[in-house]
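Asker: File structure_18.csv follows (CSV, C-alpha atoms):
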```csv
chain,number,residue,atom,x,y,z
R,23,MET,CA,98.4,-17.8,-42.1
R,24,ALA,CA,100.7,-19.3,-39.5
R,25,ALA,CA,104.3,-20.0,-40.5
R,26,VAL,CA,104.8,-23.5,-41.7
R,27,PRO,CA,106.3,-25.6,-38.9
R,28,THR,CA,109.1,-28.2,-38.9
R,29,ILE,CA,107.6,-31.6,-39.5
R,30,SER,CA,109.4,-34.7,-38.2
R,31,VAL,CA,108.8,-37.8,-40.2
R,32,VAL,CA,109.2,-41.1,-38.3
R,33,ILE,CA,109.9,-44.3,-40.4
R,34,PRO,CA,110.2,-47.6,-38.5
R,35,CYS,CA,112.2,-50.0,-40.6
R,36,TYR,CA,112.7,-53.8,-40.5
R,37,ASN,CA,114.2,-55.6,-43.4
R,38,ALA,CA,112.9,-53.1,-46.0
R,39,ASP,CA,116.0,-52.5,-48.1
R,40,LYS,CA,114.0,-53.1,-51.3
R,41,TYR,CA,111.5,-50.4,-50.5
R,42,ILE,CA,112.8,-47.8,-48.1
R,43,THR,CA,114.5,-45.7,-50.8
R,44,ALA,CA,111.2,-45.2,-52.6
R,45,THR,CA,109.5,-44.4,-49.3
R,46,ILE,CA,112.0,-41.7,-48.4
R,47,ARG,CA,111.9,-40.2,-51.9
R,48,SER,CA,108.1,-39.9,-51.6
R,49,VAL,CA,108.7,-37.9,-48.3
R,50,LEU,CA,111.2,-35.6,-49.9
R,51,LEU,CA,108.9,-35.0,-52.9
R,52,GLN,CA,106.5,-33.3,-50.5
R,53,ASN,CA,108.8,-30.3,-50.8
R,54,TRP,CA,108.0,-29.2,-47.3
R,55,PRO,CA,110.2,-26.3,-46.3
R,56,SER,CA,111.4,-27.7,-43.0
R,57,LEU,CA,111.6,-31.4,-42.7
R,58,GLU,CA,113.3,-33.8,-40.3
R,59,ILE,CA,113.4,-37.5,-41.3
R,60,ILE,CA,114.1,-40.1,-38.7
R,61,VAL,CA,114.5,-43.8,-39.7
R,62,VAL,CA,114.5,-46.2,-36.8
R,63,ASP,CA,116.0,-49.5,-37.8
R,64,ASP,CA,114.5,-52.3,-35.7
R,65,GLY,CA,117.3,-54.8,-35.9
R,66,SER,CA,117.1,-55.4,-39.7
R,67,LYS,CA,119.1,-58.4,-41.0
R,68,ASP,CA,119.2,-57.1,-44.5
R,69,ASN,CA,120.9,-54.0,-46.0
R,70,SER,CA,118.4,-51.4,-44.8
R,71,VAL,CA,120.9,-49.6,-42.6
R,72,ARG,CA,123.5,-49.3,-45.4
R,73,VAL,CA,120.9,-48.3,-48.0
R,74,VAL,CA,119.7,-45.4,-45.8
R,75,SER,CA,123.1,-44.2,-44.7
R,76,ASP,CA,124.6,-44.3,-48.2
R,77,THR,CA,121.7,-42.9,-50.2
R,78,PHE,CA,120.4,-40.4,-47.7
R,79,PRO,CA,123.2,-39.2,-45.4
R,80,PHE,CA,121.1,-36.3,-44.2
R,81,VAL,CA,118.5,-38.7,-42.7
R,82,ARG,CA,118.8,-39.3,-39.0
R,83,LEU,CA,119.3,-43.1,-38.6
R,84,VAL,CA,118.6,-44.6,-35.2
R,85,ARG,CA,119.4,-48.3,-34.6
R,86,GLN,CA,117.8,-50.5,-32.0
R,87,ALA,CA,117.6,-54.3,-31.2
R,88,ASN,CA,114.5,-55.8,-32.7
R,89,GLN,CA,111.6,-54.8,-30.4
R,90,GLY,CA,108.7,-54.4,-32.9
R,91,VAL,CA,107.1,-51.6,-34.8
R,92,ALA,CA,105.5,-49.9,-31.8
R,93,ALA,CA,108.8,-49.6,-29.9
R,94,ALA,CA,110.5,-48.4,-33.1
R,95,ARG,CA,107.9,-45.6,-33.5
R,96,ASN,CA,108.1,-44.7,-29.9
R,97,ASN,CA,111.9,-44.4,-30.2
R,98,GLY,CA,111.7,-42.2,-33.2
R,99,ILE,CA,109.0,-39.9,-31.7
R,100,ALA,CA,111.0,-39.4,-28.6
R,101,GLN,CA,113.9,-38.0,-30.7
R,102,CYS,CA,111.8,-35.7,-32.9
R,103,SER,CA,112.6,-32.0,-32.8
R,104,GLY,CA,109.6,-30.9,-34.9
R,105,GLU,CA,106.4,-29.5,-33.5
R,106,TRP,CA,104.4,-31.8,-35.8
R,107,ILE,CA,105.1,-35.5,-36.3
R,108,ALA,CA,104.2,-37.6,-39.4
R,109,LEU,CA,104.3,-41.4,-39.6
R,110,ILE,CA,105.0,-43.6,-42.5
R,111,ASP,CA,106.0,-47.3,-42.7
R,112,ALA,CA,109.2,-48.2,-44.6
R,113,ASP,CA,107.4,-49.8,-47.6
R,114,ASP,CA,104.6,-47.3,-48.1
R,115,ILE,CA,104.4,-44.2,-50.4
R,116,TRP,CA,103.1,-40.7,-50.0
R,117,LEU,CA,101.6,-39.0,-53.0
R,118,GLU,CA,102.3,-35.4,-54.0
R,119,GLY,CA,100.8,-32.7,-51.8
R,120,LYS,CA,100.0,-34.9,-48.8
R,121,LEU,CA,101.6,-32.7,-46.2
R,122,ALA,CA,100.5,-29.4,-47.8
R,123,LYS,CA,96.8,-30.5,-47.9
R,124,GLN,CA,96.8,-31.8,-44.4
R,125,TRP,CA,98.4,-28.6,-43.1
R,126,ALA,CA,95.8,-26.5,-45.0
R,127,LEU,CA,93.0,-28.5,-43.4
R,128,LEU,CA,94.5,-28.1,-40.0
R,129,GLN,CA,94.8,-24.4,-40.5
R,130,ALA,CA,91.1,-24.3,-41.5
R,131,ASN,CA,90.3,-26.0,-38.2
R,132,PRO,CA,92.1,-24.1,-35.4
R,133,GLY,CA,92.8,-26.2,-32.3
R,134,VAL,CA,92.7,-29.5,-34.1
R,135,ARG,CA,95.9,-31.5,-33.4
R,136,MET,CA,95.7,-34.5,-35.7
R,137,SER,CA,95.0,-35.2,-39.3
R,138,CYS,CA,94.8,-38.3,-41.6
R,139,THR,CA,94.0,-38.9,-45.2
R,140,ALA,CA,92.2,-41.4,-47.4
R,141,TRP,CA,94.6,-44.0,-49.0
R,142,GLN,CA,94.8,-46.6,-51.7
R,143,MET,CA,95.6,-50.3,-51.2
R,144,TRP,CA,98.5,-51.2,-53.5
R,145,GLN,CA,99.3,-54.8,-54.3
R,146,CYS,CA,102.9,-54.5,-55.7
R,147,VAL,CA,106.4,-55.8,-55.2
R,148,ASP,CA,108.0,-53.0,-57.4
R,149,PRO,CA,109.7,-50.3,-55.3
R,150,GLU,CA,108.1,-47.4,-57.1
R,151,PRO,CA,104.5,-47.0,-58.2
R,152,ALA,CA,103.8,-46.8,-61.9
R,153,GLU,CA,103.1,-43.3,-63.1
R,154,ALA,CA,99.8,-44.4,-64.7
R,155,PHE,CA,98.7,-46.0,-61.4
R,156,VAL,CA,99.4,-42.8,-59.4
R,157,LYS,CA,97.4,-40.7,-61.9
R,158,GLN,CA,94.6,-43.2,-61.6
R,159,VAL,CA,94.6,-42.9,-57.8
R,160,GLN,CA,94.8,-39.1,-57.9
R,161,SER,CA,91.8,-39.0,-60.3
R,162,GLN,CA,89.5,-41.0,-58.0
R,163,ALA,CA,86.3,-39.5,-56.7
R,164,PHE,CA,87.0,-38.9,-53.0
R,165,GLU,CA,84.0,-41.0,-51.8
R,166,THR,CA,85.4,-44.1,-53.6
R,167,ALA,CA,88.9,-44.0,-52.1
R,168,THR,CA,90.0,-46.7,-49.8
R,169,GLY,CA,89.9,-45.2,-46.3
R,170,ALA,CA,87.4,-42.5,-47.1
R,171,GLY,CA,85.6,-42.0,-43.8
R,172,PRO,CA,84.7,-39.8,-40.9
R,173,SER,CA,86.3,-36.6,-39.8
R,174,GLY,CA,86.2,-34.7,-36.5
R,175,TRP,CA,85.4,-36.2,-33.1
R,176,ILE,CA,85.6,-39.8,-34.5
R,177,TYR,CA,85.8,-41.9,-31.3
R,178,PRO,CA,82.3,-43.5,-32.0
R,179,ASP,CA,83.3,-44.2,-35.6
R,180,LEU,CA,86.6,-45.8,-34.4
R,181,LEU,CA,84.6,-48.2,-32.2
R,182,ALA,CA,82.9,-49.5,-35.3
R,183,ALA,CA,86.0,-49.7,-37.5
R,184,CYS,CA,89.7,-48.7,-37.6
R,185,CYS,CA,89.2,-45.9,-40.0
R,186,VAL,CA,92.6,-44.3,-39.6
R,187,TRP,CA,95.8,-45.7,-41.2
R,188,THR,CA,99.2,-45.1,-39.7
R,189,SER,CA,101.1,-43.9,-42.9
R,190,THR,CA,98.6,-41.0,-43.3
R,191,VAL,CA,98.8,-39.5,-39.8
R,192,LEU,CA,100.1,-36.0,-39.0
R,193,ALA,CA,99.8,-35.1,-35.3
R,194,HIS,CA,101.0,-32.4,-33.0
R,195,ARG,CA,103.6,-33.6,-30.6
R,196,SER,CA,101.4,-32.6,-27.7
R,197,VAL,CA,99.0,-35.5,-28.6
R,198,PHE,CA,101.8,-38.0,-27.9
R,199,GLU,CA,102.7,-36.2,-24.7
R,200,GLU,CA,99.1,-36.3,-23.5
R,201,VAL,CA,97.9,-39.8,-24.4
R,202,GLY,CA,101.2,-41.7,-24.2
R,203,GLN,CA,103.1,-43.9,-26.6
R,204,PHE,CA,102.1,-46.7,-28.8
R,205,ASP,CA,101.5,-49.8,-26.6
R,206,ALA,CA,104.5,-52.1,-27.3
R,207,THR,CA,102.7,-55.0,-25.5
R,208,LEU,CA,100.2,-55.2,-28.3
R,209,ARG,CA,101.6,-57.5,-31.1
R,210,ILE,CA,98.8,-56.3,-33.4
R,211,GLY,CA,96.6,-53.3,-33.2
R,212,GLU,CA,98.9,-50.9,-31.4
R,213,ASP,CA,98.0,-48.2,-33.9
R,214,TYR,CA,94.3,-48.8,-33.5
R,215,ASP,CA,94.7,-48.4,-29.7
R,216,PHE,CA,96.5,-45.1,-30.2
R,217,TRP,CA,93.9,-43.6,-32.5
R,218,LEU,CA,91.2,-44.5,-29.9
R,219,ARG,CA,93.2,-42.7,-27.2
R,220,ALA,CA,94.0,-39.7,-29.4
R,221,SER,CA,90.3,-39.4,-30.4
R,222,ARG,CA,89.5,-38.6,-26.8
R,223,VAL,CA,91.6,-35.5,-26.7
R,224,THR,CA,91.4,-34.0,-30.2
R,225,GLN,CA,89.4,-34.1,-33.4
R,226,ILE,CA,91.0,-36.1,-36.1
R,227,VAL,CA,90.3,-34.3,-39.4
R,228,ARG,CA,90.5,-36.2,-42.7
R,229,VAL,CA,91.6,-35.2,-46.1
R,230,PRO,CA,89.2,-37.3,-48.2
R,231,GLN,CA,91.6,-37.5,-51.2
R,232,PRO,CA,93.8,-40.7,-51.3
R,233,LEU,CA,97.3,-39.3,-50.6
R,234,ALA,CA,99.2,-42.5,-49.7
R,235,LEU,CA,99.7,-46.0,-51.0
R,236,TYR,CA,99.4,-48.9,-48.6
R,237,ARG,CA,101.6,-51.5,-50.0
R,238,ARG,CA,100.6,-55.1,-49.8
R,239,HIS,CA,103.1,-57.8,-50.6
R,240,ALA,CA,104.0,-61.3,-49.4
R,241,ALA,CA,106.5,-60.1,-46.8
R,242,SER,CA,104.0,-57.6,-45.3
R,243,LEU,CA,101.4,-60.3,-44.6
R,244,THR,CA,101.3,-62.1,-41.3
R,245,LYS,CA,102.4,-65.7,-41.8
R,246,ALA,CA,100.8,-67.4,-38.8
R,247,ALA,CA,97.3,-67.0,-37.4
R,248,PRO,CA,97.2,-64.8,-34.3
R,249,ALA,CA,96.7,-66.6,-31.0
R,250,LYS,CA,94.7,-63.6,-29.6
R,251,ASN,CA,92.0,-61.4,-31.2
R,252,TRP,CA,93.9,-58.2,-30.7
R,253,GLU,CA,91.2,-56.0,-32.3
R,254,VAL,CA,88.7,-57.1,-29.8
R,255,ILE,CA,91.1,-56.5,-26.9
R,256,VAL,CA,91.7,-53.0,-28.1
R,257,VAL,CA,88.0,-52.1,-28.6
R,258,GLN,CA,86.9,-53.7,-25.4
R,259,SER,CA,89.6,-51.8,-23.5
R,260,ALA,CA,88.3,-48.5,-24.9
R,261,LEU,CA,84.7,-49.5,-24.1
R,262,CYS,CA,85.7,-50.2,-20.5
R,263,ARG,CA,87.4,-46.8,-20.1
R,264,TRP,CA,85.1,-44.5,-22.0
R,265,GLY,CA,82.0,-46.4,-23.1
R,266,LEU,CA,80.2,-45.5,-26.4
R,267,THR,CA,80.2,-41.8,-26.1
R,268,SER,CA,82.7,-39.2,-27.5
R,269,PRO,CA,84.0,-36.2,-25.6
R,270,VAL,CA,81.4,-34.0,-27.3
R,271,GLY,CA,78.4,-36.3,-26.5
R,272,THR,CA,78.0,-38.2,-29.8
R,273,SER,CA,77.6,-41.9,-29.3
R,274,ALA,CA,78.2,-45.1,-31.2
R,275,LYS,CA,75.3,-47.6,-31.5
R,276,LEU,CA,75.9,-50.7,-29.5
R,277,GLU,CA,74.5,-52.8,-32.3
R,278,THR,CA,77.0,-51.4,-34.8
R,279,VAL,CA,79.9,-52.0,-32.4
R,280,SER,CA,78.7,-55.5,-31.7
R,281,LYS,CA,78.6,-56.3,-35.4
R,282,HIS,CA,82.2,-54.9,-35.8
R,283,LEU,CA,83.4,-57.1,-32.9
R,284,ALA,CA,81.5,-60.1,-34.4
R,285,ARG,CA,83.3,-59.5,-37.7
R,286,THR,CA,86.7,-59.5,-36.0
R,287,TRP,CA,85.8,-62.8,-34.3
R,288,SER,CA,84.7,-64.4,-37.6
R,289,ASP,CA,87.9,-63.1,-39.3
R,290,PHE,CA,90.0,-64.4,-36.4
R,291,ALA,CA,88.2,-67.8,-36.7
R,292,GLY,CA,88.7,-68.0,-40.4
R,293,ALA,CA,92.5,-67.2,-40.2
R,294,ASN,CA,92.9,-69.9,-37.5
R,295,LEU,CA,90.8,-72.5,-39.5
R,296,ILE,CA,93.1,-71.9,-42.5
R,297,ALA,CA,96.1,-72.3,-40.2
R,298,GLY,CA,94.8,-75.6,-38.9
R,299,GLN,CA,93.9,-74.3,-35.5
R,300,ARG,CA,90.5,-75.9,-35.5
R,301,GLN,CA,89.7,-75.7,-31.8
R,302,ARG,CA,90.6,-72.0,-31.7
R,303,ALA,CA,88.5,-71.4,-34.8
R,304,LEU,CA,85.6,-73.2,-33.3
R,305,ILE,CA,85.7,-71.1,-30.1
R,306,ALA,CA,86.1,-67.9,-32.1
R,307,SER,CA,83.2,-68.6,-34.4
R,308,ILE,CA,80.9,-69.2,-31.4
R,309,LYS,CA,82.0,-65.9,-29.9
R,310,SER,CA,81.2,-64.2,-33.2
R,311,ILE,CA,77.7,-65.6,-33.1
R,312,ARG,CA,77.2,-64.7,-29.5
R,313,THR,CA,78.4,-61.2,-30.1
R,314,SER,CA,76.0,-60.6,-33.0
R,315,TRP,CA,74.0,-63.6,-34.2
R,316,GLN,CA,73.1,-61.6,-37.4
R,317,GLN,CA,76.8,-61.7,-38.5
R,318,MET,CA,76.5,-64.4,-41.1
R,319,GLN,CA,80.2,-64.9,-41.5
R,320,GLY,CA,80.4,-66.3,-38.0
R,321,TRP,CA,77.8,-69.0,-38.9
R,322,LYS,CA,79.7,-69.8,-42.1
R,323,VAL,CA,83.0,-70.3,-40.2
R,324,LEU,CA,81.3,-72.3,-37.5
R,325,LEU,CA,79.8,-74.7,-40.1
R,326,LYS,CA,83.2,-75.1,-41.9
R,327,THR,CA,84.9,-75.7,-38.6
R,328,ALA,CA,82.3,-78.3,-37.5
R,329,LEU,CA,82.7,-80.1,-40.9
R,330,ASN,CA,86.5,-79.7,-40.8
R,331,TYR,CA,86.2,-78.0,-44.1
R,332,PRO,CA,89.6,-76.5,-45.3
```
Let me see the file written as structure tokens.

Answerer:
Amino acid sequence: MAAVPTISVVIPCYNADKYITATIRSVLLQNWPSLEIIVVDDGSKDNSVRVVSDTFPFVRLVRQANQGVAAARNNGIAQCSGEWIALIDADDIWLEGKLAKQWALLQANPGVRMSCTAWQMWQCVDPEPAEAFVKQVQSQAFETATGAGPSGWIYPDLLAACCVWTSTVLAHRSVFEEVGQFDATLRIGEDYDFWLRASRVTQIVRVPQPLALYRRHAASLTKAAPAKNWEVIVVQSALCRWGLTSPVGTSAKLETVSKHLARTWSDFAGANLIAGQRQRALIASIKSIRTSWQQMQGWKVLLKTALNYP
């Protein structure tokens, strides 16, 4: 077995002083022999910088003016010294054994340069997860875990859904060198765009066990409805570049991709209807139906919009 490498963990941080201590502790509890932790503070206005510097003086703290999560990740990745790079957001949690299980899977698949895991959605404002909840997550049947999904050459699967989550990713640094950085011009979906690009150059193998908690709380939710359907922009960009076919010849079904895009349009329409952007919701619901007339949610949002239903 190959010697374990240094893993660099990149944590973008913006106003996360309540949660980042728990996040870093979850990284340290991996007990990985050689670990580099880089926190990139993206212009926080709270006490995030002081919390990190006082509690974890050995963590490398990088500060930048507020530029968004993509720019923060890019900054951290550029400063990594490790051969492998892991990502986690400043309010999420890794569960015990995450890195070890990903490394074992990568060792079992020589030449693969990227891994992810299943995860569990976690609606919570407490910094640390309750022990009973963690045990419940760890005891789940793999197929029922949130984020359970495809493994291998998953480009066709990604066209039909964003089945990779950022805080579960472990990738060789050569992937970032080959496909480029996270696209900082994308306000939403910069991670989805990167997975699509990465899936063109390497298999992405998945540990089906939920090994991370994806925290959902009021501050993590987008307050305003988006002005653009970023998910459609990301997928259509990939389709224009590579079509439906993976590097090994497997292909997504056009009908499946169309239904996915129609769902994103209906979700976009619904968010804008709730936000009072009726004209934008109307246009988006029509686009949902035109993309896939079988997607019933588009019809529902169109009807609600036409009736000015809240």

Asker: Restricting the calculation to all atoms listed in the file: of R:Ile42, R:Leu304, R:Val71, R:Ile107, which residue gets closest to Leu57 (chain R)?

Answerer: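 Counting all atoms listed in the file, the residue closest to Leu57 (chain R) is R:Ile107.
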
Asker: For region 183-191 of chain R, find every residue with an atom within 8 Å (counting all atoms listed in the file), except residues of its own chain fewer than 2 positions away, and show them as a PDB file with C-alpha atoms, in the coordinates of the input.

Answerer:
```
ATOM      1  CA  ALA R 108     104.200 -37.600 -39.400  1.00  0.00           C
ATOM      2  CA  LEU R 109     104.300 -41.400 -39.600  1.00  0.00           C
ATOM      3  CA  ILE R 110     105.000 -43.600 -42.500  1.00  0.00           C
ATOM      4  CA  ASP R 111     106.000 -47.300 -42.700  1.00  0.00           C
ATOM      5  CA  ASP R 114     104.600 -47.300 -48.100  1.00  0.00           C
ATOM      6  CA  MET R 136      95.700 -34.500 -35.700  1.00  0.00           C
ATOM      7  CA  SER R 137      95.000 -35.200 -39.300  1.00  0.00           C
ATOM      8  CA  CYS R 138      94.800 -38.300 -41.600  1.00  0.00           C
ATOM      9  CA  THR R 139      94.000 -38.900 -45.200  1.00  0.00           C
ATOM     10  CA  ALA R 140      92.200 -41.400 -47.400  1.00  0.00           C
ATOM     11  CA  TRP R 141      94.600 -44.000 -49.000  1.00  0.00           C
ATOM     12  CA  GLY R 169      89.900 -45.200 -46.300  1.00  0.00           C
ATOM     13  CA  GLY R 171      85.600 -42.000 -43.800  1.00  0.00           C
ATOM     14  CA  PRO R 172      84.700 -39.800 -40.900  1.00  0.00           C
ATOM     15  CA  ASP R 179      83.300 -44.200 -35.600  1.00  0.00           C
ATOM     16  CA  LEU R 180      86.600 -45.800 -34.400  1.00  0.00           C
ATOM     17  CA  LEU R 181      84.600 -48.200 -32.200  1.00  0.00           C
ATOM     18  CA  ALA R 193      99.800 -35.100 -35.300  1.00  0.00           C
ATOM     19  CA  ASP R 213      98.000 -48.200 -33.900  1.00  0.00           C
ATOM     20  CA  TYR R 214      94.300 -48.800 -33.500  1.00  0.00           C
ATOM     21  CA  TRP R 217      93.900 -43.600 -32.500  1.00  0.00           C
ATOM     22  CA  LEU R 233      97.300 -39.300 -50.600  1.00  0.00           C
ATOM     23  CA  ALA R 234      99.200 -42.500 -49.700  1.00  0.00           C
ATOM     24  CA  TYR R 236      99.400 -48.900 -48.600  1.00  0.00           C
ATOM     25  CA  HIS R 282      82.200 -54.900 -35.800  1.00  0.00           C
TER      26      HIS R 282
END
```

Asker: Could you work out how far CA of Leu128 (chain R) lies from CA of Ile226 (chain R), giving the answer in Å with one decimal?

Answerer: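 Going from CA of Ile226 (chain R) over to CA of Leu128 (chain R), I get 9.6 Å.
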
Asker: Which polymer residues have any atom within 12 Å of an atom of Thr77 (chain R), counting only C-alpha atoms, with same-chain residues fewer than 6 positions away left out, as a PDB file with C-alpha atoms, keeping the file's coordinate frame?

Answerer:
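File part.pdb, as written:
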```
ATOM      1  CA  ASP R  39     116.000 -52.500 -48.100  1.00  0.00           C
ATOM      2  CA  ILE R  42     112.800 -47.800 -48.100  1.00  0.00           C
ATOM      3  CA  THR R  43     114.500 -45.700 -50.800  1.00  0.00           C
ATOM      4  CA  ALA R  44     111.200 -45.200 -52.600  1.00  0.00           C
ATOM      5  CA  ILE R  46     112.000 -41.700 -48.400  1.00  0.00           C
ATOM      6  CA  ARG R  47     111.900 -40.200 -51.900  1.00  0.00           C
ATOM      7  CA  ASN R  69     120.900 -54.000 -46.000  1.00  0.00           C
ATOM      8  CA  SER R  70     118.400 -51.400 -44.800  1.00  0.00           C
ATOM      9  CA  VAL R  71     120.900 -49.600 -42.600  1.00  0.00           C
ATOM     10  CA  LEU R  83     119.300 -43.100 -38.600  1.00  0.00           C
TER      11      LEU R  83
END
```

Asker: List as a PyMOL selection string the protein and nucleic acid residues near Val84 (chain R), meaning an atom at most 8 Å away when all atoms listed in the file are counted, but skip any in the same chain fewer than 5 places from it.

Answerer: chain R and resi 60-63+98

Asker: Using all atoms listed in the file, pick whichever of R:Phe155, R:Tyr36, R:Trp321, R:Phe290 has the shortest atom-to-atom distance to Arg95 (chain R).

Answerer: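 Between R:Phe155, R:Tyr36, R:Trp321, R:Phe290, the residue approaching Arg95 (chain R) most closely is R:Tyr36.
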
Asker: Grab the CA of Thr28 (chain R) to CA of Cys102 (chain R) distance for me, in Å with one decimal place.

Answerer: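 That distance, rounded to one decimal, is 10.0 Å.
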
Asker: Which is closer to Glu253 (chain R) than all the others in R:Val73, R:Leu276, R:Leu218, R:Val229, using only C-alpha atoms?

Answerer: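 Among the listed residues, the smallest separation from Glu253 (chain R) belongs to R:Leu218.
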
Asker: Starting from the point (90.1, -42.4, -24.5), work out which residues of protein, DNA or RNA have an atom no more than 7 Å away when counting only C-alpha atoms; state them as a PyMOL selection string.

Answerer: chain R and resi 218-222+260+263-264

Asker: Looking at R:Gln52, R:Ser259, R:Ser310, R:Ser161, which one is nearest to Phe216 (chain R), with distances taken over only C-alpha atoms?

Answerer: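 Nearest to Phe216 (chain R): R:Ser259.
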
Asker: Using only C-alpha atoms, find the one residue out of R:Ala38, R:Ala328, R:Val91, R:Ala25 that sits nearest to Ala126 (chain R).

Answerer: R:Ala25
